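Q: First, the structure itself, so that you have it in front of you.
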Amino acid sequence: QVQLVESGGGLVEAGTSLRLSCAVSGRTVNSLTVGWFRQVPGKEREFVAARRRNGGATLYDDNVKGRFTLSRDNAKNTVYLQMNSLSPEDTAVYYCAAGSGIILSSVRDGAAYDYWGQGTQVTASS
């Protein structure tokens, strides 16, 4: 059974940075497509970034491209989301998700993922 545990959220000033971590257990992180999604209360969950399994491509939503970086530490079986130049519009609960066999056209679709973490709150104040 795959389990995902996020950490690293918090309250920061706009313009600063945070790094989220997603610790994966039950499977090697390299064997999974791992993504980050975020959700604001009352709004739909939205895709942030993902890296496909086995050294596949990393994809970003246009709203975070150039500011956020997804990386992976195979030795720690952990995926990171480095978030720079945070703005109040980035405020949300951030979720780590994972799955196997996700085709490229479905990477941005949360319904394609089998496993989800509990979420971590990120708040960027102006």
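Quick note on naming: the chains in the structure tokens go A, B, ... in the order shown, residues restart at 1 in each chain, and ligands are numbered from 1 in order of appearance.
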Excluding region 102-113 of chain A and any residue of its chain fewer than 5 positions from it, enumerate the residues within 10 Å of it, using only C-alpha atoms, and give them as a VMD selection string.

A: chain A and resid 32 to 37 45 to 53 56 to 61 96 to 97

Q: How would the residues just chosen look if you wrote them out with N, CA and C atoms as a tab-separated table (two decimals), in the first residue's frame?

A:
```tsv
chain	number	residue	atom	x	y	z
A	32	LEU	N	6.72	5.61	-9.71
A	32	LEU	CA	5.42	6.28	-9.68
A	32	LEU	C	5.47	7.61	-10.40
A	33	THR	N	4.35	7.98	-10.98
A	33	THR	CA	4.16	9.38	-11.38
A	33	THR	C	3.67	10.11	-10.14
A	34	VAL	N	4.38	11.16	-9.76
A	34	VAL	CA	4.03	11.91	-8.55
A	34	VAL	C	3.70	13.35	-8.92
A	35	GLY	N	2.58	13.81	-8.44
A	35	GLY	CA	2.15	15.16	-8.77
A	35	GLY	C	1.75	15.95	-7.54
A	36	TRP	N	1.67	17.24	-7.73
A	36	TRP	CA	1.17	18.17	-6.72
A	36	TRP	C	-0.07	18.86	-7.26
A	37	PHE	N	-1.07	18.92	-6.41
A	37	PHE	CA	-2.31	19.61	-6.73
A	37	PHE	C	-2.60	20.58	-5.58
A	45	ARG	N	-10.14	21.49	-7.36
A	45	ARG	CA	-8.73	21.15	-7.24
A	45	ARG	C	-8.03	21.44	-8.56
A	46	GLU	N	-6.82	21.99	-8.49
A	46	GLU	CA	-6.10	22.30	-9.72
A	46	GLU	C	-4.70	21.70	-9.71
A	47	PHE	N	-4.26	21.36	-10.88
A	47	PHE	CA	-2.94	20.77	-11.09
A	47	PHE	C	-1.87	21.83	-10.89
A	48	VAL	N	-0.77	21.43	-10.25
A	48	VAL	CA	0.37	22.32	-10.06
A	48	VAL	C	1.58	21.82	-10.85
A	49	ALA	N	2.00	20.60	-10.58
A	49	ALA	CA	3.19	20.05	-11.23
A	49	ALA	C	3.20	18.54	-11.06
A	50	ALA	N	3.94	17.85	-11.92
A	50	ALA	CA	4.06	16.40	-11.79
A	50	ALA	C	5.30	15.93	-12.53
A	51	ARG	N	5.85	14.84	-12.06
A	51	ARG	CA	6.95	14.18	-12.76
A	51	ARG	C	6.53	12.74	-13.04
A	52	ARG	N	6.66	12.36	-14.28
A	52	ARG	CA	6.29	11.01	-14.66
A	52	ARG	C	7.32	10.00	-14.15
A	53	ARG	N	6.90	8.76	-14.02
A	53	ARG	CA	7.77	7.72	-13.47
A	53	ARG	C	8.92	7.39	-14.40
A	56	GLY	N	10.68	10.15	-16.45
A	56	GLY	CA	9.89	10.83	-17.45
A	56	GLY	C	9.85	12.33	-17.25
A	57	ALA	N	9.08	12.98	-18.09
A	57	ALA	CA	9.03	14.44	-18.13
A	57	ALA	C	8.41	15.04	-16.87
A	58	THR	N	8.80	16.28	-16.59
A	58	THR	CA	8.20	17.07	-15.53
A	58	THR	C	7.31	18.13	-16.17
A	59	LEU	N	6.08	18.24	-15.68
A	59	LEU	CA	5.13	19.18	-16.25
A	59	LEU	C	4.71	20.19	-15.17
A	60	TYR	N	4.47	21.42	-15.60
A	60	TYR	CA	4.03	22.47	-14.69
A	60	TYR	C	2.80	23.17	-15.25
A	61	ASP	N	1.95	23.62	-14.35
A	61	ASP	CA	0.88	24.50	-14.77
A	61	ASP	C	1.48	25.85	-15.14
A	96	CYS	N	-0.12	16.06	-2.34
A	96	CYS	CA	0.74	15.19	-3.12
A	96	CYS	C	-0.09	13.99	-3.57
A	97	ALA	N	0.12	13.57	-4.81
A	97	ALA	CA	-0.63	12.44	-5.35
A	97	ALA	C	0.31	11.56	-6.15
```

Q: What's the 6 Å shell around Ala124 (chain A), counting only C-alpha atoms, without same-chain residues fewer than 2 positions away, as a compact mmCIF listing (two decimals) with C-alpha atoms, in the first residue's frame?

A:
```
# COMPACT_ATOMS: atom_id res chain seq x y z
CA LEU A 11 2.31 31.01 6.60
CA VAL A 12 4.78 33.23 4.74
CA GLU A 13 4.92 36.73 3.31
CA ALA A 14 4.26 37.21 -0.37
CA SER A 87 1.80 35.30 -4.11
CA PRO A 88 -1.53 35.39 -2.25
CA THR A 91 -2.66 30.21 -1.02
```

Q: Which of these, A:Asn63, A:Ser125, A:Thr78, A:Gln39, has the shortest distance to Cys22 (chain A) once you count only C-alpha atoms?

A: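 Selected residue with least distance to Cys22 (chain A): A:Thr78.
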
Q: Tell me, in Å to one decimal, how far CA of Ser25 (chain A) is from CA of Asn77 (chain A).

A: 7.4 Å

Q: Which residue is closest to Thr120 (chain A)? Choose from A:Met83, A:Ala98, A:Val40, A:Leu20 and count only C-alpha atoms.

A: A:Leu20

Q: What are the DSSP helix (DSSP H, G or I) residues of chain A, as a ChimeraX atom specification?

A: /A:29-31,88-90,104-106,110-112

Q: When you count only C-alpha atoms, which of these residues is closest to Val2 (chain A): A:Phe68, A:Tyr95, A:Tyr80, A:Trp116?

A: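 The closest residue to Val2 (chain A) is A:Trp116.
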
Q: Write out as a compact mmCIF listing (two decimals) with C-alpha atoms, in the first residue's frame which residues come within 12 Å of Gln1 (chain A) when counting only C-alpha atoms, dropping same-chain ones fewer than 4 positions away.

A:
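Dumped to around_10.txt:
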```
# COMPACT_ATOMS: atom_id res chain seq x y z
CA VAL A 24 6.50 8.13 -0.20
CA SER A 25 6.30 4.65 1.32
CA GLY A 26 5.21 1.32 -0.12
CA ARG A 27 6.74 1.86 -3.57
CA THR A 28 9.90 3.44 -4.89
CA ALA A 98 0.84 9.35 -6.97
CA GLY A 99 -0.08 6.68 -9.44
CA ASP A 114 -4.51 6.39 -7.11
CA TYR A 115 -2.93 7.68 -3.92
CA TRP A 116 -3.23 10.99 -2.07
```
